Structures are given as structure tokens and as C-alpha cells.
Amino acid sequence: MGCLRNSELWLILASLILAQFLSAGSIQLTFTEGQDALVEFTFRFVNPAEVAIEIWKDSSILFDKTGEENLNAQQANRIKMSMQARGEDTVVRLSITDITREDDSAYICVLYDRYGTTVLETQSNYISVDFPSGPARCTSVAPSDFFHQNYLGSDETWMIISCLVTMGTQASYIACFNPDSTLLPLSIRSNGTHLRGMFWTKKDVPAFCCSATFENGVDKCNCMEYKSHKEEVLCSPSQSTEPHSQF
């Protein structure tokens with residue numbers, strides 16, 4: 001950062017604190033993982049030829065006021081910064097290609113004089129990144145292993161599929177099918193970080209499961225994160241999920 005006067009350092013620190021405050025409220029820019037994001041900082045009545053810019057991600061510098069990039073391997077080639085005149089203003093554009101959940105953060109733009117010695121202004125935005133739940137990890141077990149009364153028949157006929165999903169920020173559910181219908185859940189529970197669902201199915205009928213979001217849903221032919229039978233499952237894409245419980 002070079003040598004800053006105490007007043008300048010406190011201005012930057014205040015911006016970092018403000019950004020953290022904004023992150024807990026409703027003032028933020030929201031993107032979905034995989035989208036391209038664009039964030040603009042507009043400084044009024046400023047000539048871009050007469051200033052220097054520094055971009056922070058939380059407490060780390062991404063773009064130094066000297067023009068040097070400080071991007072890690074995950075950020076390189078995805079995060080770009082540009083500065084241009086728009087009328088009498090200077091607009092700093094921060095673009096992020098193929099945004100990921102690691103990009104969820106406060107971003108602070110610090111405006112210096114042309115020599116990079118005096119802080120003129122700071123602005124901050126918070127980027128929030130939504131992402132779906134992880135894939136469904138399922139196993140098939142005998143009903144007696146879960147201490148359920150097997151009211152549908154013997155353990156030789158029926159089984160329970162137990163699925164565990166790591167939850168994301170998007171409202172999600174667990175979907176299970178057989179070739180002819182949607183399997184209704186025996187139970188679906190959440191502990192805040194994981195979603196667990198259990199489904200009845202016949203042992204001799206192929207079943208397949210996956211996690212899905214309420215916003216997009218999933219067609220049964222694309223719901224193959226788990227298959228109870230190794231052979232290829234034949235299905236028609238005419239049937240989509242009907243979610244039963246939201247988290």
C-alpha cells in the first residue's frame with residue numbers, strides 16, 4: 001500500500017467496515033454461480049487521467065494503485081479491471097467471468113490522486129453468489145436398518161434409498177424416480193447444512209435420484225447422480241419433478 005497518512009488509512013479501514021456492514025443487510029449485487037458479473041464504481045467529476053485506482057476484495061488487494069495485479073490462480077484470467085471516462089465522471093468496471101462462490105465478498109474501490117499518495121474517495125459493493133446444493137450421495141438399505149415397520153412387504157421386496165445432500169444457498173430438494181413415476185419421500189429433513197431424504201422403492205425396479213433446485217427443477221432423465229441398478233435406465237423426459245419439501 002505504500003506510506004499512508006493516518007487519516008487515509010482510517011478512510012480505507014472505514015470502507016472495509018462499511019462493506020462488512022452492507023454484506024449483512026439487503027444492499028448487495030446477487031449473481032448465480034457460473035454467470036458473468038459486472039460491478040461499476042462511479043466517481044463524480046473526476047478525470048481518469050488524474051487519478052489512480054486500487055481494488056480490494058475484503059482485506060486483500062486485487063489491483064494495486066500502481067497497476068499491478070495481485071490475483072491468485074483461481075482469480076487469474078477471470079477478474080478484470082478497467083477505468084474510463086463517462087462524461088465528467090470516472091467509471092471503474094470490475095468484471096468477473098464464470099463467477100464462483102469463492103467470489104462472494106465485499107469489493108472496495110479506492111480512488112487516489114494521480115501520484116497515489118492521497119486517498120480521495122472510496123466506494124464499496126458486496127457481491128453475493130447463489131449456488132445450488134451439491135450432488136445427492138445415496139445408498140440403498142433394508143427398511144429394518146432404519147427401524148421402520150415394513151408395512152409394504154418383506155425386506156426381500158422393498159428397500160429404502162437414503163440420500164444426503166450438502167445444502168447451497170438456493171432452495172433445493174431431493175428427487176427420486178423409477179422409470180414410471182416419481183418416488184414420494186418417506187421423510188426429508190434438514191440440519192441447516194445438509195438435507196437428508198429417504199424413499200421407498202421396490203428392489204427389482206431401477207431407481208435414480210439427484211438434488212434439484214425449486215427454481216429450475218429437474219427432468220427424471222437428467223436425475224442420475226444415483227442409480228440403484230448398474231444397467232442403463234430407460235426413461236422418457238416427459239416427466240419432471242414435483243418437489244415436496246423446501247429448505
# chains A, B, ... in the order shown; residues from 1 in each chain; ligands from 1

$ residues_around --residues "Asp103 (chain A)" --least-positions-apart "3" --cutoff "8 Å" --atoms "only C-alpha atoms" --output "JSON, numbers by chain"
{"A": [99, 100, 127, 129]}

$ write_last_selection --atoms "all heavy atoms" --output "PDB file, in the first residue's frame"
ATOM      1  N   ILE A  99     -18.459 -16.618 -12.441  1.00  0.00           N
ATOM      2  CA  ILE A  99     -18.339 -16.315 -11.019  1.00  0.00           C
ATOM      3  C   ILE A  99     -18.537 -17.573 -10.176  1.00  0.00           C
ATOM      4  O   ILE A  99     -19.323 -18.461 -10.534  1.00  0.00           O
ATOM      5  CB  ILE A  99     -19.335 -15.204 -10.635  1.00  0.00           C
ATOM      6  CG1 ILE A  99     -18.946 -14.543  -9.313  1.00  0.00           C
ATOM      7  CG2 ILE A  99     -20.773 -15.722 -10.595  1.00  0.00           C
ATOM      8  CD1 ILE A  99     -19.664 -13.238  -9.050  1.00  0.00           C
ATOM      9  N   THR A 100     -17.807 -17.666  -9.079  1.00  0.00           N
ATOM     10  CA  THR A 100     -17.884 -18.822  -8.186  1.00  0.00           C
ATOM     11  C   THR A 100     -18.236 -18.354  -6.786  1.00  0.00           C
ATOM     12  O   THR A 100     -18.183 -17.168  -6.465  1.00  0.00           O
ATOM     13  CB  THR A 100     -16.543 -19.579  -8.133  1.00  0.00           C
ATOM     14  OG1 THR A 100     -15.587 -18.805  -7.388  1.00  0.00           O
ATOM     15  CG2 THR A 100     -16.007 -19.844  -9.536  1.00  0.00           C
ATOM     16  N   ILE A 127     -20.799  -8.424  -3.429  1.00  0.00           N
ATOM     17  CA  ILE A 127     -21.255  -9.414  -4.399  1.00  0.00           C
ATOM     18  C   ILE A 127     -21.661 -10.676  -3.643  1.00  0.00           C
ATOM     19  O   ILE A 127     -20.864 -11.268  -2.918  1.00  0.00           O
ATOM     20  CB  ILE A 127     -20.162  -9.748  -5.431  1.00  0.00           C
ATOM     21  CG1 ILE A 127     -19.901  -8.539  -6.342  1.00  0.00           C
ATOM     22  CG2 ILE A 127     -20.560 -10.964  -6.264  1.00  0.00           C
ATOM     23  CD1 ILE A 127     -18.817  -8.779  -7.375  1.00  0.00           C
ATOM     24  N   VAL A 129     -23.104 -14.530  -4.145  1.00  0.00           N
ATOM     25  CA  VAL A 129     -23.147 -15.569  -5.166  1.00  0.00           C
ATOM     26  C   VAL A 129     -24.042 -16.716  -4.688  1.00  0.00           C
ATOM     27  O   VAL A 129     -23.766 -17.348  -3.670  1.00  0.00           O
ATOM     28  CB  VAL A 129     -21.740 -16.100  -5.492  1.00  0.00           C
ATOM     29  CG1 VAL A 129     -21.810 -17.175  -6.575  1.00  0.00           C
ATOM     30  CG2 VAL A 129     -20.821 -14.960  -5.931  1.00  0.00           C
TER      31      VAL A 129
END

$ closest_atom_pairs --of "region 116-139 of chain A" --to "region 165-180 of chain A" --cutoff "8 Å" --atoms "only C-alpha atoms" --output "tab-separated table"
residue	atom	partner	partner_atom	distance
A:Asp130	CA	A:Thr169	CA	5.4
A:Phe131	CA	A:Thr169	CA	5.5
A:Pro132	CA	A:Gly168	CA	4.8
A:Ser133	CA	A:Gly168	CA	4.2
A:Gly134	CA	A:Thr166	CA	5.2
A:Pro135	CA	A:Val165	CA	6.1
A:Ala136	CA	A:Val165	CA	4.9
A:Arg137	CA	A:Val165	CA	6.4

$ select_by_dssp --residues "region 2-231 of chain A" --states "alpha helix (DSSP H)" --output "MDAnalysis selection string"
chainID A and resid 6:23

$ residues_around --residues "Ile188 (chain A)" --least-positions-apart "5" --cutoff "8 Å" --atoms "only C-alpha atoms" --output "PyMOL selection string"
chain A and resi 195-198+245

$ residues_around --residues "region 109-120 of chain A" --least-positions-apart "4" --cutoff "7 Å" --atoms "only C-alpha atoms" --output "list of chain:residue names"
A:Leu4, A:Glu8, A:Glu50, A:Val51, A:Ala52, A:Ile53, A:Glu54, A:Ile55, A:Trp56, A:Lys65, A:Ser124

$ residues_around --residues "region 158-162 of chain A" --least-positions-apart "2" --cutoff "7 Å" --atoms "only C-alpha atoms" --output "list in words"
Cys138, Thr139, Ser140, Val141, Ala142, Pro143, Gly153, Ser154, Asp155, Glu156, Leu164, Gly197, Met198, Phe199, Trp200, Thr201, Lys202 and Lys203 of chain A

$ closest_residue --among "A:Glu121, A:Glu68, A:Glu33, A:Asp58" --to "Ile108 (chain A)" --atoms "only C-alpha atoms"
A:Asp58

$ closest_residue --among "A:Cys223, A:Leu94, A:Ile61, A:Leu186" --to "Arg78 (chain A)" --atoms "only C-alpha atoms"
A:Leu94

$ select_by_dssp --residues "region 143-228 of chain A" --states "strand (DSSP E or B)" --output "short mmCIF file (atom, residue, chain, number, x, y, z; two decimals) with all heavy atoms, in the first residue's frame"
data_model
loop_
_atom_site.label_atom_id
_atom_site.label_comp_id
_atom_site.auth_asym_id
_atom_site.auth_seq_id
_atom_site.Cartn_x
_atom_site.Cartn_y
_atom_site.Cartn_z
N TRP A 158 -38.83 -54.84 -0.75
CA TRP A 158 -38.69 -53.39 -0.70
C TRP A 158 -37.35 -52.99 -0.09
O TRP A 158 -36.73 -53.74 0.64
CB TRP A 158 -39.82 -52.77 0.11
CG TRP A 158 -41.17 -52.96 -0.51
CD1 TRP A 158 -42.00 -54.05 -0.35
CD2 TRP A 158 -41.82 -52.06 -1.38
NE1 TRP A 158 -43.14 -53.87 -1.09
CE2 TRP A 158 -43.07 -52.66 -1.73
CE3 TRP A 158 -41.51 -50.81 -1.91
CZ2 TRP A 158 -43.97 -52.04 -2.57
CZ3 TRP A 158 -42.43 -50.19 -2.74
CH2 TRP A 158 -43.64 -50.81 -3.08
N MET A 159 -36.92 -51.78 -0.40
CA MET A 159 -35.73 -51.20 0.22
C MET A 159 -35.95 -49.71 0.38
O MET A 159 -36.88 -49.11 -0.18
CB MET A 159 -34.47 -51.46 -0.62
CG MET A 159 -34.46 -50.73 -1.94
SD MET A 159 -32.95 -51.07 -2.89
CE MET A 159 -33.20 -50.05 -4.35
N ILE A 160 -35.08 -49.09 1.16
CA ILE A 160 -35.09 -47.64 1.34
C ILE A 160 -33.85 -47.07 0.69
O ILE A 160 -32.74 -47.59 0.87
CB ILE A 160 -35.13 -47.26 2.83
CG1 ILE A 160 -36.51 -47.56 3.42
CG2 ILE A 160 -34.80 -45.79 3.03
CD1 ILE A 160 -36.60 -47.29 4.91
N ILE A 161 -34.04 -46.01 -0.07
CA ILE A 161 -32.91 -45.24 -0.59
C ILE A 161 -32.70 -44.05 0.33
O ILE A 161 -33.62 -43.24 0.54
CB ILE A 161 -33.17 -44.76 -2.03
CG1 ILE A 161 -33.33 -45.95 -2.97
CG2 ILE A 161 -32.03 -43.87 -2.51
CD1 ILE A 161 -33.70 -45.55 -4.38
N SER A 162 -31.52 -43.95 0.91
CA SER A 162 -31.18 -42.84 1.81
C SER A 162 -30.19 -41.92 1.11
O SER A 162 -29.12 -42.36 0.67
CB SER A 162 -30.56 -43.40 3.10
OG SER A 162 -30.13 -42.33 3.94
N CYS A 163 -30.56 -40.64 0.97
CA CYS A 163 -29.74 -39.67 0.24
C CYS A 163 -29.33 -38.52 1.15
O CYS A 163 -30.14 -38.01 1.94
CB CYS A 163 -30.50 -39.10 -0.96
SG CYS A 163 -30.91 -40.33 -2.22
N LEU A 164 -28.08 -38.08 0.99
CA LEU A 164 -27.54 -36.94 1.74
C LEU A 164 -27.02 -35.92 0.75
O LEU A 164 -26.29 -36.25 -0.18
CB LEU A 164 -26.41 -37.39 2.68
CG LEU A 164 -25.83 -36.32 3.61
CD1 LEU A 164 -26.87 -35.90 4.65
CD2 LEU A 164 -24.58 -36.83 4.31
N VAL A 165 -27.40 -34.64 0.97
CA VAL A 165 -27.02 -33.56 0.07
C VAL A 165 -26.47 -32.40 0.89
O VAL A 165 -27.05 -32.01 1.90
CB VAL A 165 -28.25 -33.07 -0.74
CG1 VAL A 165 -27.96 -31.78 -1.46
CG2 VAL A 165 -28.68 -34.13 -1.74
N THR A 166 -25.32 -31.88 0.47
CA THR A 166 -24.79 -30.66 1.09
C THR A 166 -25.56 -29.47 0.55
O THR A 166 -25.63 -29.27 -0.67
CB THR A 166 -23.30 -30.49 0.77
OG1 THR A 166 -22.58 -31.62 1.28
CG2 THR A 166 -22.74 -29.23 1.43
N SER A 172 -33.49 -26.00 -2.33
CA SER A 172 -33.29 -27.26 -3.05
C SER A 172 -34.08 -28.39 -2.41
O SER A 172 -34.61 -28.26 -1.30
CB SER A 172 -31.80 -27.62 -3.07
OG SER A 172 -31.04 -26.61 -3.69
N TYR A 173 -34.15 -29.49 -3.12
CA TYR A 173 -34.82 -30.68 -2.62
C TYR A 173 -34.14 -31.90 -3.24
O TYR A 173 -33.27 -31.77 -4.10
CB TYR A 173 -36.31 -30.66 -2.94
CG TYR A 173 -36.64 -30.61 -4.42
CD1 TYR A 173 -36.97 -31.76 -5.13
CD2 TYR A 173 -36.62 -29.41 -5.11
CE1 TYR A 173 -37.27 -31.72 -6.48
CE2 TYR A 173 -36.93 -29.35 -6.47
CZ TYR A 173 -37.25 -30.52 -7.14
OH TYR A 173 -37.54 -30.45 -8.47
N ILE A 174 -34.55 -33.08 -2.79
CA ILE A 174 -34.02 -34.34 -3.33
C ILE A 174 -35.12 -34.99 -4.16
O ILE A 174 -36.27 -35.09 -3.70
CB ILE A 174 -33.57 -35.29 -2.22
CG1 ILE A 174 -32.49 -34.62 -1.35
CG2 ILE A 174 -33.03 -36.59 -2.79
CD1 ILE A 174 -32.13 -35.41 -0.11
N ALA A 175 -34.78 -35.38 -5.35
CA ALA A 175 -35.74 -36.02 -6.25
C ALA A 175 -35.33 -37.46 -6.50
O ALA A 175 -34.15 -37.76 -6.69
CB ALA A 175 -35.82 -35.26 -7.58
N CYS A 176 -36.30 -38.37 -6.50
CA CYS A 176 -36.06 -39.77 -6.84
C CYS A 176 -37.18 -40.26 -7.75
O CYS A 176 -38.34 -39.88 -7.59
CB CYS A 176 -36.00 -40.64 -5.58
SG CYS A 176 -34.48 -40.49 -4.62
N PHE A 177 -36.81 -41.11 -8.70
CA PHE A 177 -37.75 -41.65 -9.68
C PHE A 177 -37.53 -43.13 -9.86
O PHE A 177 -36.46 -43.66 -9.56
CB PHE A 177 -37.54 -41.00 -11.06
CG PHE A 177 -37.69 -39.51 -11.09
CD1 PHE A 177 -36.59 -38.68 -10.92
CD2 PHE A 177 -38.93 -38.92 -11.30
CE1 PHE A 177 -36.71 -37.31 -10.97
CE2 PHE A 177 -39.07 -37.55 -11.35
CZ PHE A 177 -37.97 -36.74 -11.19
N THR A 182 -42.67 -40.71 -10.06
CA THR A 182 -41.87 -40.02 -9.05
C THR A 182 -42.01 -40.74 -7.72
O THR A 182 -43.12 -41.12 -7.33
CB THR A 182 -42.35 -38.57 -8.89
OG1 THR A 182 -42.23 -37.89 -10.14
CG2 THR A 182 -41.54 -37.84 -7.84
N PRO A 185 -41.21 -39.06 -0.96
CA PRO A 185 -40.26 -39.25 0.15
C PRO A 185 -40.93 -39.82 1.38
O PRO A 185 -42.04 -39.44 1.74
CB PRO A 185 -39.74 -37.83 0.40
CG PRO A 185 -40.86 -36.94 -0.05
CD PRO A 185 -41.50 -37.64 -1.22
N LEU A 186 -40.25 -40.76 2.01
CA LEU A 186 -40.67 -41.26 3.31
C LEU A 186 -40.43 -40.18 4.36
O LEU A 186 -41.25 -39.95 5.26
CB LEU A 186 -39.90 -42.53 3.66
CG LEU A 186 -40.17 -43.18 5.01
CD1 LEU A 186 -41.61 -43.68 5.07
CD2 LEU A 186 -39.21 -44.34 5.23
N SER A 187 -39.30 -39.46 4.20
CA SER A 187 -39.01 -38.31 5.07
C SER A 187 -37.93 -37.46 4.41
O SER A 187 -37.10 -37.98 3.66
CB SER A 187 -38.54 -38.77 6.46
OG SER A 187 -37.27 -39.43 6.37
N ILE A 188 -37.97 -36.18 4.68
CA ILE A 188 -36.91 -35.25 4.26
C ILE A 188 -36.63 -34.32 5.43
O ILE A 188 -37.55 -33.67 5.95
CB ILE A 188 -37.30 -34.44 3.01
CG1 ILE A 188 -37.43 -35.35 1.79
CG2 ILE A 188 -36.27 -33.36 2.73
CD1 ILE A 188 -37.74 -34.62 0.50
N ARG A 189 -35.39 -34.26 5.85
CA ARG A 189 -35.01 -33.43 7.00
C ARG A 189 -33.78 -32.60 6.66
O ARG A 189 -32.95 -33.00 5.85
CB ARG A 189 -34.73 -34.30 8.23
CG ARG A 189 -35.94 -35.07 8.74
CD ARG A 189 -35.62 -35.79 10.05
NE ARG A 189 -36.77 -36.49 10.60
CZ ARG A 189 -37.13 -37.72 10.33
NH1 ARG A 189 -36.37 -38.44 9.50
NH2 ARG A 189 -38.18 -38.28 10.87
N SER A 190 -33.68 -31.46 7.32
CA SER A 190 -32.52 -30.58 7.16
C SER A 190 -31.95 -30.24 8.53
O SER A 190 -32.70 -30.02 9.49
CB SER A 190 -32.93 -29.30 6.43
OG SER A 190 -31.90 -28.33 6.51
N HIS A 194 -27.03 -29.81 5.76
CA HIS A 194 -27.27 -30.98 4.91
C HIS A 194 -28.76 -31.29 4.85
O HIS A 194 -29.51 -31.00 5.79
CB HIS A 194 -26.52 -32.21 5.42
CG HIS A 194 -25.03 -32.11 5.28
ND1 HIS A 194 -24.25 -31.45 6.20
CD2 HIS A 194 -24.18 -32.57 4.32
CE1 HIS A 194 -22.98 -31.51 5.82
NE2 HIS A 194 -22.91 -32.19 4.69
N LEU A 195 -29.14 -31.86 3.73
CA LEU A 195 -30.51 -32.31 3.50
C LEU A 195 -30.48 -33.83 3.38
O LEU A 195 -29.66 -34.37 2.63
CB LEU A 195 -31.03 -31.67 2.21
CG LEU A 195 -32.52 -31.75 1.89
CD1 LEU A 195 -33.34 -31.04 2.95
CD2 LEU A 195 -32.77 -31.13 0.52
N ARG A 196 -31.31 -34.51 4.16
CA ARG A 196 -31.36 -35.98 4.10
C ARG A 196 -32.78 -36.41 3.74
O ARG A 196 -33.75 -35.96 4.35
CB ARG A 196 -30.94 -36.62 5.41
CG ARG A 196 -30.97 -38.16 5.37
CD ARG A 196 -30.53 -38.77 6.68
NE ARG A 196 -29.11 -38.59 6.92
CZ ARG A 196 -28.15 -39.33 6.40
NH1 ARG A 196 -28.45 -40.32 5.57
NH2 ARG A 196 -26.90 -39.10 6.70
N GLY A 197 -32.88 -37.29 2.75
CA GLY A 197 -34.17 -37.81 2.35
C GLY A 197 -34.14 -39.32 2.26
O GLY A 197 -33.11 -39.92 1.93
N MET A 198 -35.28 -39.95 2.56
CA MET A 198 -35.41 -41.40 2.46
C MET A 198 -36.63 -41.72 1.61
O MET A 198 -37.70 -41.10 1.76
CB MET A 198 -35.50 -42.04 3.83
CG MET A 198 -34.20 -41.94 4.62
SD MET A 198 -34.21 -42.92 6.15
CE MET A 198 -35.37 -41.98 7.13
N PHE A 199 -36.49 -42.70 0.72
CA PHE A 199 -37.53 -43.03 -0.25
C PHE A 199 -37.73 -44.54 -0.29
O PHE A 199 -36.77 -45.30 -0.33
CB PHE A 199 -37.13 -42.54 -1.65
CG PHE A 199 -36.89 -41.06 -1.75
CD1 PHE A 199 -35.68 -40.51 -1.33
CD2 PHE A 199 -37.87 -40.22 -2.26
CE1 PHE A 199 -35.46 -39.13 -1.41
CE2 PHE A 199 -37.65 -38.85 -2.35
CZ PHE A 199 -36.45 -38.31 -1.93
N TRP A 200 -39.03 -44.98 -0.33
CA TRP A 200 -39.35 -46.39 -0.54
C TRP A 200 -39.22 -46.71 -2.01
O TRP A 200 -39.60 -45.92 -2.88
CB TRP A 200 -40.79 -46.68 -0.12
CG TRP A 200 -41.06 -46.81 1.34
CD1 TRP A 200 -41.70 -45.90 2.12
CD2 TRP A 200 -40.72 -47.90 2.18
NE1 TRP A 200 -41.78 -46.34 3.41
CE2 TRP A 200 -41.20 -47.58 3.48
CE3 TRP A 200 -40.06 -49.11 1.98
CZ2 TRP A 200 -41.04 -48.43 4.56
CZ3 TRP A 200 -39.91 -49.96 3.07
CH2 TRP A 200 -40.38 -49.62 4.34
N THR A 201 -38.74 -47.90 -2.33
CA THR A 201 -38.75 -48.36 -3.71
C THR A 201 -38.65 -49.88 -3.73
O THR A 201 -38.13 -50.50 -2.78
CB THR A 201 -37.58 -47.76 -4.52
OG1 THR A 201 -37.69 -48.14 -5.89
CG2 THR A 201 -36.24 -48.22 -3.97
N LYS A 202 -39.13 -50.49 -4.78
CA LYS A 202 -39.00 -51.94 -4.92
C LYS A 202 -37.58 -52.28 -5.37
O LYS A 202 -36.99 -51.59 -6.18
CB LYS A 202 -40.00 -52.47 -5.95
CG LYS A 202 -41.42 -52.58 -5.42
CD LYS A 202 -42.31 -53.34 -6.39
CE LYS A 202 -43.67 -53.59 -5.78
NZ LYS A 202 -44.53 -54.38 -6.71
N PHE A 208 -33.56 -43.91 -9.46
CA PHE A 208 -32.47 -42.95 -9.66
C PHE A 208 -32.82 -41.64 -8.98
O PHE A 208 -33.99 -41.24 -8.94
CB PHE A 208 -32.16 -42.76 -11.15
CG PHE A 208 -33.35 -42.85 -12.07
CD1 PHE A 208 -33.94 -41.73 -12.61
CD2 PHE A 208 -33.87 -44.10 -12.39
CE1 PHE A 208 -35.02 -41.82 -13.47
CE2 PHE A 208 -34.95 -44.21 -13.26
CZ PHE A 208 -35.54 -43.06 -13.79
N CYS A 209 -31.80 -40.97 -8.42
CA CYS A 209 -32.01 -39.80 -7.56
C CYS A 209 -30.99 -38.70 -7.87
O CYS A 209 -29.93 -38.96 -8.44
CB CYS A 209 -31.88 -40.18 -6.08
SG CYS A 209 -32.99 -41.50 -5.53
N CYS A 210 -31.32 -37.49 -7.44
CA CYS A 210 -30.41 -36.35 -7.58
C CYS A 210 -30.91 -35.21 -6.71
O CYS A 210 -32.04 -35.25 -6.19
CB CYS A 210 -30.30 -35.90 -9.04
SG CYS A 210 -31.85 -35.23 -9.69
N SER A 211 -30.11 -34.19 -6.56
CA SER A 211 -30.57 -32.96 -5.92
C SER A 211 -31.03 -32.01 -7.02
O SER A 211 -30.58 -32.09 -8.16
CB SER A 211 -29.45 -32.32 -5.11
OG SER A 211 -28.39 -31.89 -5.95
N ALA A 212 -31.95 -31.11 -6.68
CA ALA A 212 -32.51 -30.17 -7.65
C ALA A 212 -32.90 -28.89 -6.93
O ALA A 212 -33.07 -28.88 -5.71
CB ALA A 212 -33.71 -30.77 -8.36
N THR A 213 -33.04 -27.81 -7.69
CA THR A 213 -33.50 -26.55 -7.11
C THR A 213 -34.95 -26.31 -7.49
O THR A 213 -35.42 -26.74 -8.54
CB THR A 213 -32.65 -25.37 -7.61
OG1 THR A 213 -32.82 -25.23 -9.03
CG2 THR A 213 -31.17 -25.58 -7.30
N ASP A 219 -35.56 -32.85 -14.83
CA ASP A 219 -36.24 -33.92 -15.55
C ASP A 219 -35.66 -35.25 -15.09
O ASP A 219 -34.47 -35.36 -14.79
CB ASP A 219 -36.03 -33.75 -17.05
CG ASP A 219 -36.82 -34.77 -17.84
OD1 ASP A 219 -36.27 -35.87 -18.05
OD2 ASP A 219 -37.96 -34.48 -18.21
N TYR A 226 -27.51 -40.81 -8.64
CA TYR A 226 -27.51 -42.14 -8.02
C TYR A 226 -28.40 -43.05 -8.86
O TYR A 226 -29.49 -42.65 -9.30
CB TYR A 226 -28.06 -42.09 -6.59
CG TYR A 226 -28.45 -43.44 -6.04
CD1 TYR A 226 -27.49 -44.30 -5.50
CD2 TYR A 226 -29.78 -43.87 -6.09
CE1 TYR A 226 -27.84 -45.55 -5.02
CE2 TYR A 226 -30.13 -45.13 -5.60
CZ TYR A 226 -29.17 -45.96 -5.07
OH TYR A 226 -29.52 -47.19 -4.59
N LYS A 227 -27.95 -44.29 -9.11
CA LYS A 227 -28.75 -45.31 -9.78
C LYS A 227 -28.67 -46.59 -8.95
O LYS A 227 -27.59 -47.04 -8.60
CB LYS A 227 -28.24 -45.56 -11.20
CG LYS A 227 -28.43 -44.37 -12.14
CD LYS A 227 -28.21 -44.74 -13.60
CE LYS A 227 -26.78 -45.12 -13.86
NZ LYS A 227 -26.56 -45.40 -15.32
#

$ atom_distance --atom1 "CA of Val39 (chain A)" --atom2 "CA of Asp104 (chain A)"
12.8 Å

$ closest_residue --among "A:Ala106, A:Ala85, A:Leu184, A:Ile79" --to "Phe45 (chain A)" --atoms "only C-alpha atoms"
A:Ala85
